[in-house]
$ cat upload19.cif   # mmCIF, N, CA and C atoms
data_entry
#
loop_
_atom_site.label_atom_id
_atom_site.label_comp_id
_atom_site.auth_asym_id
_atom_site.auth_seq_id
_atom_site.Cartn_x
_atom_site.Cartn_y
_atom_site.Cartn_z
N GLY L 251 36.43 -25.88 111.09
CA GLY L 251 36.74 -26.72 110.01
C GLY L 251 37.58 -26.04 108.95
N GLU L 252 37.93 -26.84 107.98
CA GLU L 252 38.71 -26.37 106.83
C GLU L 252 37.83 -25.54 105.89
N PRO L 253 38.39 -24.48 105.33
CA PRO L 253 37.60 -23.70 104.35
C PRO L 253 37.39 -24.52 103.07
N GLU L 254 36.27 -24.27 102.43
CA GLU L 254 35.97 -24.91 101.15
C GLU L 254 36.98 -24.43 100.10
N PRO L 255 37.43 -25.31 99.21
CA PRO L 255 38.33 -24.86 98.16
C PRO L 255 37.61 -23.85 97.26
N GLY L 256 38.32 -22.82 96.87
CA GLY L 256 37.75 -21.79 96.00
C GLY L 256 37.87 -22.16 94.53
N LEU L 257 37.09 -21.50 93.71
CA LEU L 257 37.08 -21.72 92.28
C LEU L 257 38.46 -21.55 91.67
N PHE L 258 39.22 -20.58 92.15
CA PHE L 258 40.50 -20.25 91.54
C PHE L 258 41.70 -20.87 92.23
N ASP L 259 41.49 -21.71 93.24
CA ASP L 259 42.60 -22.28 94.00
C ASP L 259 43.55 -23.10 93.14
N SER L 260 43.04 -23.78 92.13
CA SER L 260 43.90 -24.63 91.30
C SER L 260 44.53 -23.86 90.14
N TRP L 261 44.19 -22.59 89.98
CA TRP L 261 44.73 -21.79 88.88
C TRP L 261 46.08 -21.21 89.29
N THR L 262 47.01 -21.19 88.38
CA THR L 262 48.29 -20.53 88.63
C THR L 262 48.49 -19.45 87.59
N ASN L 263 49.14 -18.35 88.01
CA ASN L 263 49.46 -17.29 87.07
C ASN L 263 50.44 -17.83 86.05
N ARG L 264 50.13 -17.66 84.81
CA ARG L 264 50.98 -18.20 83.75
C ARG L 264 51.73 -17.09 83.03
N VAL L 265 51.02 -16.03 82.69
CA VAL L 265 51.61 -14.92 81.94
C VAL L 265 51.11 -13.62 82.53
N HIS L 266 52.02 -12.69 82.74
CA HIS L 266 51.68 -11.33 83.14
C HIS L 266 52.06 -10.41 81.99
N GLN L 267 51.16 -9.53 81.61
CA GLN L 267 51.44 -8.62 80.51
C GLN L 267 51.18 -7.19 80.91
N PHE L 268 52.10 -6.32 80.57
CA PHE L 268 51.89 -4.88 80.64
C PHE L 268 51.51 -4.46 79.23
N ILE L 269 50.42 -3.75 79.09
CA ILE L 269 49.91 -3.39 77.77
C ILE L 269 50.05 -1.88 77.58
N TRP L 270 50.72 -1.52 76.51
CA TRP L 270 50.84 -0.11 76.12
C TRP L 270 50.83 -0.08 74.61
N GLY L 271 49.81 0.51 74.02
CA GLY L 271 49.71 0.50 72.57
C GLY L 271 49.09 1.76 72.02
N PRO L 272 49.49 2.13 70.80
CA PRO L 272 48.93 3.31 70.15
C PRO L 272 47.56 3.02 69.54
N PRO L 273 46.82 4.05 69.17
CA PRO L 273 45.54 3.84 68.49
C PRO L 273 45.76 3.02 67.22
N GLY L 274 44.84 2.11 66.95
CA GLY L 274 44.92 1.30 65.74
C GLY L 274 45.71 0.02 65.90
N SER L 275 46.46 -0.12 66.98
CA SER L 275 47.17 -1.37 67.20
C SER L 275 46.20 -2.36 67.84
N GLY L 276 46.59 -3.64 67.86
CA GLY L 276 45.71 -4.63 68.45
C GLY L 276 46.23 -6.03 68.24
N SER L 277 45.36 -7.00 68.46
CA SER L 277 45.72 -8.42 68.34
C SER L 277 44.77 -9.11 67.39
N PRO L 278 45.31 -9.93 66.46
CA PRO L 278 44.44 -10.73 65.60
C PRO L 278 43.69 -11.78 66.43
N VAL L 279 42.72 -12.43 65.82
CA VAL L 279 41.93 -13.44 66.51
C VAL L 279 42.83 -14.58 66.99
N HIS L 280 42.68 -14.94 68.26
CA HIS L 280 43.46 -16.03 68.87
C HIS L 280 42.72 -16.48 70.13
N PHE L 281 43.18 -17.57 70.73
CA PHE L 281 42.61 -18.01 72.01
C PHE L 281 43.68 -18.68 72.84
N HIS L 282 43.42 -18.78 74.15
CA HIS L 282 44.37 -19.34 75.12
C HIS L 282 43.65 -19.62 76.43
N CYS L 283 44.41 -19.86 77.47
CA CYS L 283 43.84 -20.08 78.80
C CYS L 283 43.07 -18.83 79.24
N PRO L 284 42.27 -18.91 80.32
CA PRO L 284 41.52 -17.74 80.76
C PRO L 284 42.43 -16.59 81.13
N ALA L 285 41.93 -15.38 80.93
CA ALA L 285 42.73 -14.19 81.22
C ALA L 285 41.85 -13.08 81.77
N LEU L 286 42.44 -12.30 82.65
CA LEU L 286 41.80 -11.11 83.21
C LEU L 286 42.54 -9.90 82.64
N ASN L 287 41.80 -9.00 82.02
CA ASN L 287 42.37 -7.82 81.36
C ASN L 287 41.84 -6.57 82.05
N ILE L 288 42.75 -5.72 82.50
CA ILE L 288 42.37 -4.51 83.25
C ILE L 288 42.87 -3.29 82.49
N MET L 289 41.96 -2.35 82.19
CA MET L 289 42.30 -1.15 81.44
C MET L 289 42.50 0.02 82.40
N ALA L 290 43.65 0.65 82.30
CA ALA L 290 43.95 1.81 83.14
C ALA L 290 43.74 3.12 82.39
N TYR L 291 43.99 3.09 81.06
CA TYR L 291 43.94 4.33 80.28
C TYR L 291 43.54 3.99 78.85
N GLY L 292 42.66 4.76 78.26
CA GLY L 292 42.27 4.57 76.87
C GLY L 292 41.13 3.59 76.71
N ARG L 293 40.77 3.35 75.44
CA ARG L 293 39.66 2.46 75.11
C ARG L 293 40.12 1.40 74.11
N LYS L 294 39.58 0.20 74.27
CA LYS L 294 39.93 -0.95 73.43
C LYS L 294 38.65 -1.66 73.01
N ARG L 295 38.52 -1.93 71.70
CA ARG L 295 37.37 -2.71 71.21
C ARG L 295 37.75 -4.18 71.21
N TRP L 296 36.83 -5.00 71.69
CA TRP L 296 37.00 -6.45 71.77
C TRP L 296 35.95 -7.14 70.92
N TRP L 297 36.36 -8.24 70.28
CA TRP L 297 35.45 -9.20 69.65
C TRP L 297 35.71 -10.53 70.32
N LEU L 298 34.68 -11.18 70.81
CA LEU L 298 34.81 -12.45 71.54
C LEU L 298 33.98 -13.52 70.83
N TYR L 299 34.62 -14.67 70.61
CA TYR L 299 33.99 -15.79 69.91
C TYR L 299 33.88 -16.97 70.86
N PRO L 300 32.68 -17.52 71.07
CA PRO L 300 32.53 -18.68 71.96
C PRO L 300 33.35 -19.87 71.46
N PRO L 301 33.67 -20.80 72.36
CA PRO L 301 34.41 -22.00 71.95
C PRO L 301 33.75 -22.66 70.73
N GLY L 302 34.56 -23.08 69.80
CA GLY L 302 34.06 -23.72 68.59
C GLY L 302 33.82 -22.76 67.45
N GLU L 303 33.73 -21.46 67.74
CA GLU L 303 33.52 -20.46 66.68
C GLU L 303 34.77 -19.65 66.40
N GLY L 304 35.80 -19.81 67.22
CA GLY L 304 37.01 -19.03 67.07
C GLY L 304 38.02 -19.69 66.16
N TYR L 305 39.06 -18.97 65.87
CA TYR L 305 40.13 -19.44 64.99
C TYR L 305 41.38 -18.60 65.26
N TYR L 306 42.48 -19.01 64.70
CA TYR L 306 43.71 -18.21 64.77
C TYR L 306 43.85 -17.44 63.47
N SER L 307 44.27 -16.20 63.56
CA SER L 307 44.43 -15.36 62.37
C SER L 307 45.75 -14.62 62.44
N LYS L 308 46.30 -14.32 61.28
CA LYS L 308 47.50 -13.47 61.19
C LYS L 308 47.13 -12.10 60.64
N VAL L 309 45.85 -11.91 60.33
CA VAL L 309 45.39 -10.65 59.76
C VAL L 309 45.18 -9.64 60.87
N HIS L 310 45.77 -8.45 60.71
CA HIS L 310 45.58 -7.40 61.72
C HIS L 310 44.09 -7.09 61.84
N PRO L 311 43.60 -6.98 63.07
CA PRO L 311 42.15 -6.82 63.26
C PRO L 311 41.56 -5.58 62.60
N ILE L 312 42.33 -4.54 62.43
CA ILE L 312 41.78 -3.34 61.79
C ILE L 312 41.46 -3.63 60.32
N ARG L 313 42.17 -4.61 59.72
CA ARG L 313 41.92 -4.98 58.33
C ARG L 313 40.73 -5.93 58.21
N SER L 314 40.36 -6.58 59.31
CA SER L 314 39.22 -7.51 59.26
C SER L 314 38.04 -6.99 60.10
N TRP L 315 38.06 -5.71 60.44
CA TRP L 315 37.04 -5.09 61.28
C TRP L 315 35.64 -5.37 60.76
N GLN L 316 35.40 -5.14 59.46
CA GLN L 316 34.06 -5.34 58.90
C GLN L 316 33.62 -6.79 59.01
N ASP L 317 34.53 -7.72 58.73
CA ASP L 317 34.19 -9.14 58.84
C ASP L 317 33.80 -9.50 60.26
N GLN L 318 34.53 -8.95 61.22
CA GLN L 318 34.23 -9.25 62.62
C GLN L 318 32.91 -8.62 63.05
N GLU L 319 32.63 -7.41 62.57
CA GLU L 319 31.38 -6.75 62.91
C GLU L 319 30.17 -7.53 62.38
N SER L 320 30.33 -8.19 61.23
CA SER L 320 29.21 -8.93 60.65
C SER L 320 29.18 -10.39 61.11
N SER L 321 30.14 -10.78 61.94
CA SER L 321 30.17 -12.16 62.45
C SER L 321 29.25 -12.28 63.67
N ASN L 322 29.23 -13.47 64.25
CA ASN L 322 28.45 -13.69 65.47
C ASN L 322 29.24 -13.33 66.72
N ALA L 323 30.37 -12.67 66.55
CA ALA L 323 31.19 -12.31 67.70
C ALA L 323 30.45 -11.34 68.61
N ILE L 324 30.69 -11.49 69.90
CA ILE L 324 30.21 -10.52 70.88
C ILE L 324 31.24 -9.40 70.88
N ASN L 325 30.80 -8.14 70.79
CA ASN L 325 31.79 -7.07 70.84
C ASN L 325 31.45 -6.06 71.90
N CYS L 326 32.49 -5.43 72.41
CA CYS L 326 32.31 -4.43 73.46
C CYS L 326 33.51 -3.49 73.43
N VAL L 327 33.38 -2.38 74.14
CA VAL L 327 34.48 -1.44 74.29
C VAL L 327 34.88 -1.41 75.76
N GLN L 328 36.15 -1.68 76.01
CA GLN L 328 36.70 -1.64 77.37
C GLN L 328 37.22 -0.23 77.62
N ARG L 329 36.85 0.34 78.76
CA ARG L 329 37.23 1.71 79.12
C ARG L 329 38.07 1.70 80.40
N PRO L 330 38.70 2.83 80.72
CA PRO L 330 39.51 2.87 81.95
C PRO L 330 38.71 2.42 83.17
N GLY L 331 39.32 1.54 83.96
CA GLY L 331 38.67 1.00 85.15
C GLY L 331 37.91 -0.29 84.89
N ASP L 332 37.68 -0.63 83.62
CA ASP L 332 36.96 -1.86 83.29
C ASP L 332 37.89 -3.07 83.37
N MET L 333 37.35 -4.17 83.88
CA MET L 333 38.05 -5.46 83.87
C MET L 333 37.24 -6.38 82.96
N LEU L 334 37.95 -7.09 82.10
CA LEU L 334 37.30 -8.01 81.19
C LEU L 334 37.91 -9.39 81.38
N PHE L 335 37.07 -10.36 81.71
CA PHE L 335 37.53 -11.74 81.87
C PHE L 335 37.22 -12.50 80.59
N VAL L 336 38.23 -13.12 80.00
CA VAL L 336 38.06 -13.94 78.81
C VAL L 336 38.21 -15.39 79.23
N PRO L 337 37.13 -16.17 79.17
CA PRO L 337 37.21 -17.58 79.59
C PRO L 337 38.12 -18.41 78.69
N SER L 338 38.51 -19.55 79.19
CA SER L 338 39.33 -20.49 78.45
C SER L 338 38.67 -20.84 77.12
N HIS L 339 39.48 -20.88 76.08
CA HIS L 339 39.06 -21.30 74.74
C HIS L 339 38.13 -20.32 74.05
N TRP L 340 37.90 -19.14 74.60
CA TRP L 340 37.14 -18.11 73.90
C TRP L 340 38.12 -17.35 73.02
N ALA L 341 37.92 -17.42 71.70
CA ALA L 341 38.78 -16.65 70.79
C ALA L 341 38.42 -15.17 70.93
N HIS L 342 39.39 -14.33 70.67
CA HIS L 342 39.16 -12.90 70.79
C HIS L 342 40.15 -12.11 69.95
N SER L 343 39.76 -10.90 69.64
CA SER L 343 40.56 -9.98 68.85
C SER L 343 40.35 -8.59 69.45
N THR L 344 41.36 -7.73 69.33
CA THR L 344 41.23 -6.38 69.88
C THR L 344 41.80 -5.34 68.93
N VAL L 345 41.25 -4.12 69.03
CA VAL L 345 41.82 -2.94 68.38
C VAL L 345 41.77 -1.81 69.40
N ASN L 346 42.90 -1.15 69.58
CA ASN L 346 42.96 -0.01 70.48
C ASN L 346 42.35 1.20 69.79
N ILE L 347 41.32 1.77 70.39
CA ILE L 347 40.67 2.95 69.84
C ILE L 347 41.53 4.18 70.15
N ASP L 348 42.08 4.22 71.33
CA ASP L 348 42.97 5.30 71.78
C ASP L 348 44.32 4.68 72.14
N GLU L 349 45.24 5.50 72.56
CA GLU L 349 46.44 4.96 73.21
C GLU L 349 45.94 4.27 74.48
N VAL L 350 46.45 3.08 74.75
CA VAL L 350 45.97 2.34 75.92
C VAL L 350 47.13 1.93 76.82
N ILE L 351 46.79 1.83 78.10
CA ILE L 351 47.70 1.28 79.11
C ILE L 351 46.86 0.35 79.97
N GLY L 352 47.36 -0.85 80.18
CA GLY L 352 46.62 -1.81 80.98
C GLY L 352 47.51 -2.97 81.39
N VAL L 353 46.90 -3.92 82.07
CA VAL L 353 47.60 -5.14 82.46
C VAL L 353 46.68 -6.33 82.19
N ALA L 354 47.31 -7.48 81.97
CA ALA L 354 46.56 -8.72 81.77
C ALA L 354 47.28 -9.84 82.50
N VAL L 355 46.50 -10.76 83.02
CA VAL L 355 47.04 -11.94 83.66
C VAL L 355 46.36 -13.14 83.03
N GLU L 356 47.16 -14.04 82.47
CA GLU L 356 46.64 -15.28 81.91
C GLU L 356 46.89 -16.38 82.94
N PHE L 357 45.89 -17.24 83.14
CA PHE L 357 45.96 -18.28 84.15
C PHE L 357 46.09 -19.66 83.50
N ASP L 358 46.78 -20.56 84.18
CA ASP L 358 46.87 -21.95 83.75
C ASP L 358 45.88 -22.73 84.58
N THR L 359 44.86 -23.26 83.93
CA THR L 359 43.80 -24.00 84.63
C THR L 359 43.97 -25.50 84.46
N GLY L 360 45.01 -25.90 83.72
CA GLY L 360 45.25 -27.31 83.50
C GLY L 360 44.44 -27.91 82.37
N ASP L 361 43.57 -27.13 81.73
CA ASP L 361 42.74 -27.68 80.65
C ASP L 361 42.91 -26.93 79.34
N CYS L 362 43.96 -26.14 79.22
CA CYS L 362 44.11 -25.38 77.96
C CYS L 362 45.56 -25.31 77.51
#
$ encode --input "upload19.cif" --output "structure tokens"
Amino acid sequence: GEPEPGLFDSWTNRVHQFIWGPPGSGSPVHFHCPALNIMAYGRKRWWLYPPGEGYYSKVHPIRSWQDQESSNAINCVQRPGDMLFVPSHWAHSTVNIDEVIGVAVEFDTGDC
């Protein structure tokens, strides 16, 4: 018989990113389609906000670090070899602790 359709069969690669950043660089709070983030070198701090709790910001995350630490955001540190999946509509912010090298793939799921 025919194989069952897989969870990711309807997803298409939308954006491919090569990530290379110095310590202290990062991304303000934002959200988009689901993405897979793979760290090859260095460490990156993440703050993740569930759908409905996120927002868009223009403030560099290092300047809002304390606010994010005291928020309900889930935070973690991504290390070399770690893969982090950010689901659709989950807002997130990052700060590179070290110089980092990694890749990210954002997927189009048709709902974001």
$ closest_residue --input "upload19.cif" --among "L:Gly271, L:Pro284, L:Gly276, L:Gly302" --to "Val345 in chain L" --atoms "only C-alpha atoms"
L:Gly276
$ axis_aligned_box --input "upload19.cif" --around "range 270-276 of chain L" --padding-each-side "6 Å" --output "lines of an AutoDock Vina configuration file"
center_x = 47.8
center_y = -1.0
center_z = 71.1
size_x = 18.0
size_y = 22.1
size_z = 22.8
$ atom_distance --input "upload19.cif" --atom1 "CA of Ile351 in chain L" --atom2 "atom N of Ile324 in chain L"
23.2 Å
$ select_by_dssp --input "upload19.cif" --residues "chain L" --states "strand (DSSP E or B)" --output "NGL selection string"
:L and (262-271 or 276-280 or 285-291 or 294-299 or 324-328 or 333-336 or 341-346 or 350-358)
$ resolve_selection --input "upload19.cif" --expression "the PyMOL selection byres ((chain L and resi 331) around 6.5)" --output "PyMOL selection string"
chain L and resi 288-291+329-330+332-333
$ residues_around --input "upload19.cif" --residues "Pro278 in chain L" --least-positions-apart "5" --cutoff "8 Å" --atoms "only C-alpha atoms" --output "PyMOL selection string"
chain L and resi 306-311+342-344
$ residues_around --input "upload19.cif" --residues "Phe268 in chain L" --least-positions-apart "2" --cutoff "7 Å" --atoms "only C-alpha atoms" --output "ChimeraX atom specification"
/L:266,270,352-354
$ write_last_selection --input "upload19.cif" --atoms "N, CA and C atoms" --output "short mmCIF file (atom, residue, chain, number, x, y, z; two decimals), in the frame of the given file"
data_model
loop_
_atom_site.label_atom_id
_atom_site.label_comp_id
_atom_site.auth_asym_id
_atom_site.auth_seq_id
_atom_site.Cartn_x
_atom_site.Cartn_y
_atom_site.Cartn_z
N HIS L 266 52.02 -12.69 82.74
CA HIS L 266 51.68 -11.33 83.14
C HIS L 266 52.06 -10.41 81.99
N TRP L 270 50.72 -1.52 76.51
CA TRP L 270 50.84 -0.11 76.12
C TRP L 270 50.83 -0.08 74.61
N GLY L 352 47.36 -0.85 80.18
CA GLY L 352 46.62 -1.81 80.98
C GLY L 352 47.51 -2.97 81.39
N VAL L 353 46.90 -3.92 82.07
CA VAL L 353 47.60 -5.14 82.46
C VAL L 353 46.68 -6.33 82.19
N ALA L 354 47.31 -7.48 81.97
CA ALA L 354 46.56 -8.72 81.77
C ALA L 354 47.28 -9.84 82.50
#
$ closest_residue --input "upload19.cif" --among "L:Tyr299, L:Glu356, L:Asn322, L:Ser277" --to "His339 in chain L" --atoms "all atoms listed in the file"
L:Tyr299
$ closest_residue --input "upload19.cif" --among "L:Gly292, L:Ser338, L:Trp297, L:Val265" --to "Ser314 in chain L" --atoms "only C-alpha atoms"
L:Trp297
$ residues_around --input "upload19.cif" --residues "Lys294 in chain L" --least-positions-apart "2" --cutoff "6 Å" --atoms "only N, CA and C atoms" --output "list of chain:residue names"
L:Gly292, L:Trp296, L:Cys326, L:Val327, L:Gln328, L:Arg329, L:Val345, L:Asn346, L:Ile347, L:Asp348
$ select_by_dssp --input "upload19.cif" --residues "range 301-332 of chain L" --states "alpha helix (DSSP H)" --output "list in words"
Trp315, Gln316, Asp317, Gln318 and Glu319 of chain L
$ atom_distance --input "upload19.cif" --atom1 "atom C of Asp361 in chain L" --atom2 "CA of Glu303 in chain L"
17.0 Å
$ closest_residue --input "upload19.cif" --among "L:His280, L:Asp358, L:Arg264, L:Val336" --to "Tyr305 in chain L" --atoms "all atoms listed in the file"
L:His280
$ atom_distance --input "upload19.cif" --atom1 "atom N of Phe357 in chain L" --atom2 "atom N of Ile312 in chain L"
24.6 Å
$ closest_residue --input "upload19.cif" --among "L:Val355, L:Ile269, L:Val279, L:Cys362" --to "Gly304 in chain L" --atoms "only N, CA and C atoms"
L:Val279
$ closest_residue --input "upload19.cif" --among "L:Glu349, L:Trp340, L:Leu334, L:Pro301" --to "Cys283 in chain L" --atoms "only C-alpha atoms"
L:Trp340
$ decode --input "upload19.cif" --residues "range 285-297 of chain L" --atoms "all heavy atoms" --output "PDB file, in the first residue's frame"
ATOM      1  N   ALA L 285      10.459  27.039  12.666  1.00  0.00           N
ATOM      2  CA  ALA L 285      11.857  27.054  12.222  1.00  0.00           C
ATOM      3  C   ALA L 285      12.677  26.060  13.031  1.00  0.00           C
ATOM      4  O   ALA L 285      12.427  25.844  14.218  1.00  0.00           O
ATOM      5  CB  ALA L 285      12.443  28.449  12.359  1.00  0.00           C
ATOM      6  N   LEU L 286      13.657  25.489  12.367  1.00  0.00           N
ATOM      7  CA  LEU L 286      14.629  24.592  12.995  1.00  0.00           C
ATOM      8  C   LEU L 286      15.962  25.331  13.012  1.00  0.00           C
ATOM      9  O   LEU L 286      16.428  25.799  11.963  1.00  0.00           O
ATOM     10  CB  LEU L 286      14.744  23.285  12.211  1.00  0.00           C
ATOM     11  CG  LEU L 286      15.712  22.255  12.769  1.00  0.00           C
ATOM     12  CD1 LEU L 286      15.270  21.786  14.158  1.00  0.00           C
ATOM     13  CD2 LEU L 286      15.823  21.075  11.817  1.00  0.00           C
ATOM     14  N   ASN L 287      16.547  25.457  14.189  1.00  0.00           N
ATOM     15  CA  ASN L 287      17.800  26.193  14.378  1.00  0.00           C
ATOM     16  C   ASN L 287      18.873  25.229  14.867  1.00  0.00           C
ATOM     17  O   ASN L 287      18.680  24.557  15.881  1.00  0.00           O
ATOM     18  CB  ASN L 287      17.597  27.306  15.403  1.00  0.00           C
ATOM     19  CG  ASN L 287      16.545  28.290  14.964  1.00  0.00           C
ATOM     20  OD1 ASN L 287      16.852  29.263  14.310  1.00  0.00           O
ATOM     21  ND2 ASN L 287      15.290  28.016  15.302  1.00  0.00           N
ATOM     22  N   ILE L 288      19.989  25.176  14.162  1.00  0.00           N
ATOM     23  CA  ILE L 288      21.072  24.235  14.485  1.00  0.00           C
ATOM     24  C   ILE L 288      22.335  25.027  14.795  1.00  0.00           C
ATOM     25  O   ILE L 288      22.774  25.846  13.988  1.00  0.00           O
ATOM     26  CB  ILE L 288      21.320  23.274  13.311  1.00  0.00           C
ATOM     27  CG1 ILE L 288      20.019  22.542  12.960  1.00  0.00           C
ATOM     28  CG2 ILE L 288      22.438  22.293  13.650  1.00  0.00           C
ATOM     29  CD1 ILE L 288      20.043  21.864  11.608  1.00  0.00           C
ATOM     30  N   MET L 289      22.922  24.784  15.969  1.00  0.00           N
ATOM     31  CA  MET L 289      24.116  25.497  16.402  1.00  0.00           C
ATOM     32  C   MET L 289      25.354  24.642  16.137  1.00  0.00           C
ATOM     33  O   MET L 289      25.433  23.495  16.576  1.00  0.00           O
ATOM     34  CB  MET L 289      24.020  25.810  17.898  1.00  0.00           C
ATOM     35  CG  MET L 289      25.146  26.631  18.446  1.00  0.00           C
ATOM     36  SD  MET L 289      25.244  28.273  17.709  1.00  0.00           S
ATOM     37  CE  MET L 289      23.664  28.959  18.152  1.00  0.00           C
ATOM     38  N   ALA L 290      26.302  25.210  15.418  1.00  0.00           N
ATOM     39  CA  ALA L 290      27.551  24.506  15.122  1.00  0.00           C
ATOM     40  C   ALA L 290      28.677  24.954  16.044  1.00  0.00           C
ATOM     41  O   ALA L 290      29.558  24.165  16.391  1.00  0.00           O
ATOM     42  CB  ALA L 290      27.957  24.746  13.664  1.00  0.00           C
ATOM     43  N   TYR L 291      28.640  26.238  16.444  1.00  0.00           N
ATOM     44  CA  TYR L 291      29.747  26.792  17.228  1.00  0.00           C
ATOM     45  C   TYR L 291      29.209  27.903  18.119  1.00  0.00           C
ATOM     46  O   TYR L 291      28.401  28.721  17.677  1.00  0.00           O
ATOM     47  CB  TYR L 291      30.797  27.356  16.266  1.00  0.00           C
ATOM     48  CG  TYR L 291      31.986  27.993  16.917  1.00  0.00           C
ATOM     49  CD1 TYR L 291      33.065  27.231  17.363  1.00  0.00           C
ATOM     50  CD2 TYR L 291      32.043  29.369  17.080  1.00  0.00           C
ATOM     51  CE1 TYR L 291      34.158  27.829  17.946  1.00  0.00           C
ATOM     52  CE2 TYR L 291      33.135  29.980  17.671  1.00  0.00           C
ATOM     53  CZ  TYR L 291      34.184  29.202  18.110  1.00  0.00           C
ATOM     54  OH  TYR L 291      35.270  29.795  18.701  1.00  0.00           O
ATOM     55  N   GLY L 292      29.635  27.948  19.364  1.00  0.00           N
ATOM     56  CA  GLY L 292      29.242  29.014  20.276  1.00  0.00           C
ATOM     57  C   GLY L 292      27.954  28.707  21.012  1.00  0.00           C
ATOM     58  O   GLY L 292      27.363  27.634  20.869  1.00  0.00           O
ATOM     59  N   ARG L 293      27.532  29.687  21.824  1.00  0.00           N
ATOM     60  CA  ARG L 293      26.322  29.544  22.634  1.00  0.00           C
ATOM     61  C   ARG L 293      25.390  30.727  22.398  1.00  0.00           C
ATOM     62  O   ARG L 293      25.844  31.862  22.256  1.00  0.00           O
ATOM     63  CB  ARG L 293      26.672  29.484  24.125  1.00  0.00           C
ATOM     64  CG  ARG L 293      27.488  28.267  24.495  1.00  0.00           C
ATOM     65  CD  ARG L 293      27.962  28.337  25.933  1.00  0.00           C
ATOM     66  NE  ARG L 293      28.815  29.517  26.094  1.00  0.00           N
ATOM     67  CZ  ARG L 293      28.967  30.196  27.233  1.00  0.00           C
ATOM     68  NH1 ARG L 293      28.331  29.803  28.325  1.00  0.00           N
ATOM     69  NH2 ARG L 293      29.747  31.249  27.296  1.00  0.00           N
ATOM     70  N   LYS L 294      24.099  30.441  22.414  1.00  0.00           N
ATOM     71  CA  LYS L 294      23.061  31.451  22.175  1.00  0.00           C
ATOM     72  C   LYS L 294      21.968  31.292  23.221  1.00  0.00           C
ATOM     73  O   LYS L 294      21.485  30.192  23.452  1.00  0.00           O
ATOM     74  CB  LYS L 294      22.481  31.250  20.773  1.00  0.00           C
ATOM     75  CG  LYS L 294      21.354  32.189  20.407  1.00  0.00           C
ATOM     76  CD  LYS L 294      20.789  31.878  19.025  1.00  0.00           C
ATOM     77  CE  LYS L 294      21.825  32.081  17.978  1.00  0.00           C
ATOM     78  NZ  LYS L 294      21.435  32.911  16.861  1.00  0.00           N
ATOM     79  N   ARG L 295      21.587  32.405  23.858  1.00  0.00           N
ATOM     80  CA  ARG L 295      20.461  32.381  24.811  1.00  0.00           C
ATOM     81  C   ARG L 295      19.184  32.690  24.050  1.00  0.00           C
ATOM     82  O   ARG L 295      19.136  33.583  23.219  1.00  0.00           O
ATOM     83  CB  ARG L 295      20.638  33.388  25.938  1.00  0.00           C
ATOM     84  CG  ARG L 295      19.426  33.390  26.868  1.00  0.00           C
ATOM     85  CD  ARG L 295      19.634  34.165  28.132  1.00  0.00           C
ATOM     86  NE  ARG L 295      20.655  33.610  28.994  1.00  0.00           N
ATOM     87  CZ  ARG L 295      20.498  32.570  29.826  1.00  0.00           C
ATOM     88  NH1 ARG L 295      19.343  31.939  29.875  1.00  0.00           N
ATOM     89  NH2 ARG L 295      21.476  32.160  30.581  1.00  0.00           N
ATOM     90  N   TRP L 296      18.149  31.904  24.342  1.00  0.00           N
ATOM     91  CA  TRP L 296      16.827  32.045  23.724  1.00  0.00           C
ATOM     92  C   TRP L 296      15.795  32.368  24.785  1.00  0.00           C
ATOM     93  O   TRP L 296      15.853  31.841  25.905  1.00  0.00           O
ATOM     94  CB  TRP L 296      16.398  30.717  23.085  1.00  0.00           C
ATOM     95  CG  TRP L 296      17.103  30.350  21.839  1.00  0.00           C
ATOM     96  CD1 TRP L 296      18.341  29.771  21.734  1.00  0.00           C
ATOM     97  CD2 TRP L 296      16.604  30.487  20.513  1.00  0.00           C
ATOM     98  NE1 TRP L 296      18.633  29.559  20.423  1.00  0.00           N
ATOM     99  CE2 TRP L 296      17.587  29.984  19.649  1.00  0.00           C
ATOM    100  CE3 TRP L 296      15.425  30.989  19.979  1.00  0.00           C
ATOM    101  CZ2 TRP L 296      17.419  29.962  18.278  1.00  0.00           C
ATOM    102  CZ3 TRP L 296      15.257  30.961  18.608  1.00  0.00           C
ATOM    103  CH2 TRP L 296      16.254  30.461  17.780  1.00  0.00           C
ATOM    104  N   TRP L 297      14.834  33.223  24.421  1.00  0.00           N
ATOM    105  CA  TRP L 297      13.608  33.441  25.185  1.00  0.00           C
ATOM    106  C   TRP L 297      12.470  33.088  24.251  1.00  0.00           C
ATOM    107  O   TRP L 297      12.396  33.593  23.126  1.00  0.00           O
ATOM    108  CB  TRP L 297      13.477  34.895  25.635  1.00  0.00           C
ATOM    109  CG  TRP L 297      14.472  35.290  26.684  1.00  0.00           C
ATOM    110  CD1 TRP L 297      14.327  35.193  28.040  1.00  0.00           C
ATOM    111  CD2 TRP L 297      15.757  35.872  26.462  1.00  0.00           C
ATOM    112  NE1 TRP L 297      15.451  35.671  28.671  1.00  0.00           N
ATOM    113  CE2 TRP L 297      16.344  36.102  27.724  1.00  0.00           C
ATOM    114  CE3 TRP L 297      16.481  36.226  25.316  1.00  0.00           C
ATOM    115  CZ2 TRP L 297      17.606  36.662  27.873  1.00  0.00           C
ATOM    116  CZ3 TRP L 297      17.740  36.779  25.466  1.00  0.00           C
ATOM    117  CH2 TRP L 297      18.289  36.989  26.735  1.00  0.00           C
TER     118      TRP L 297
END
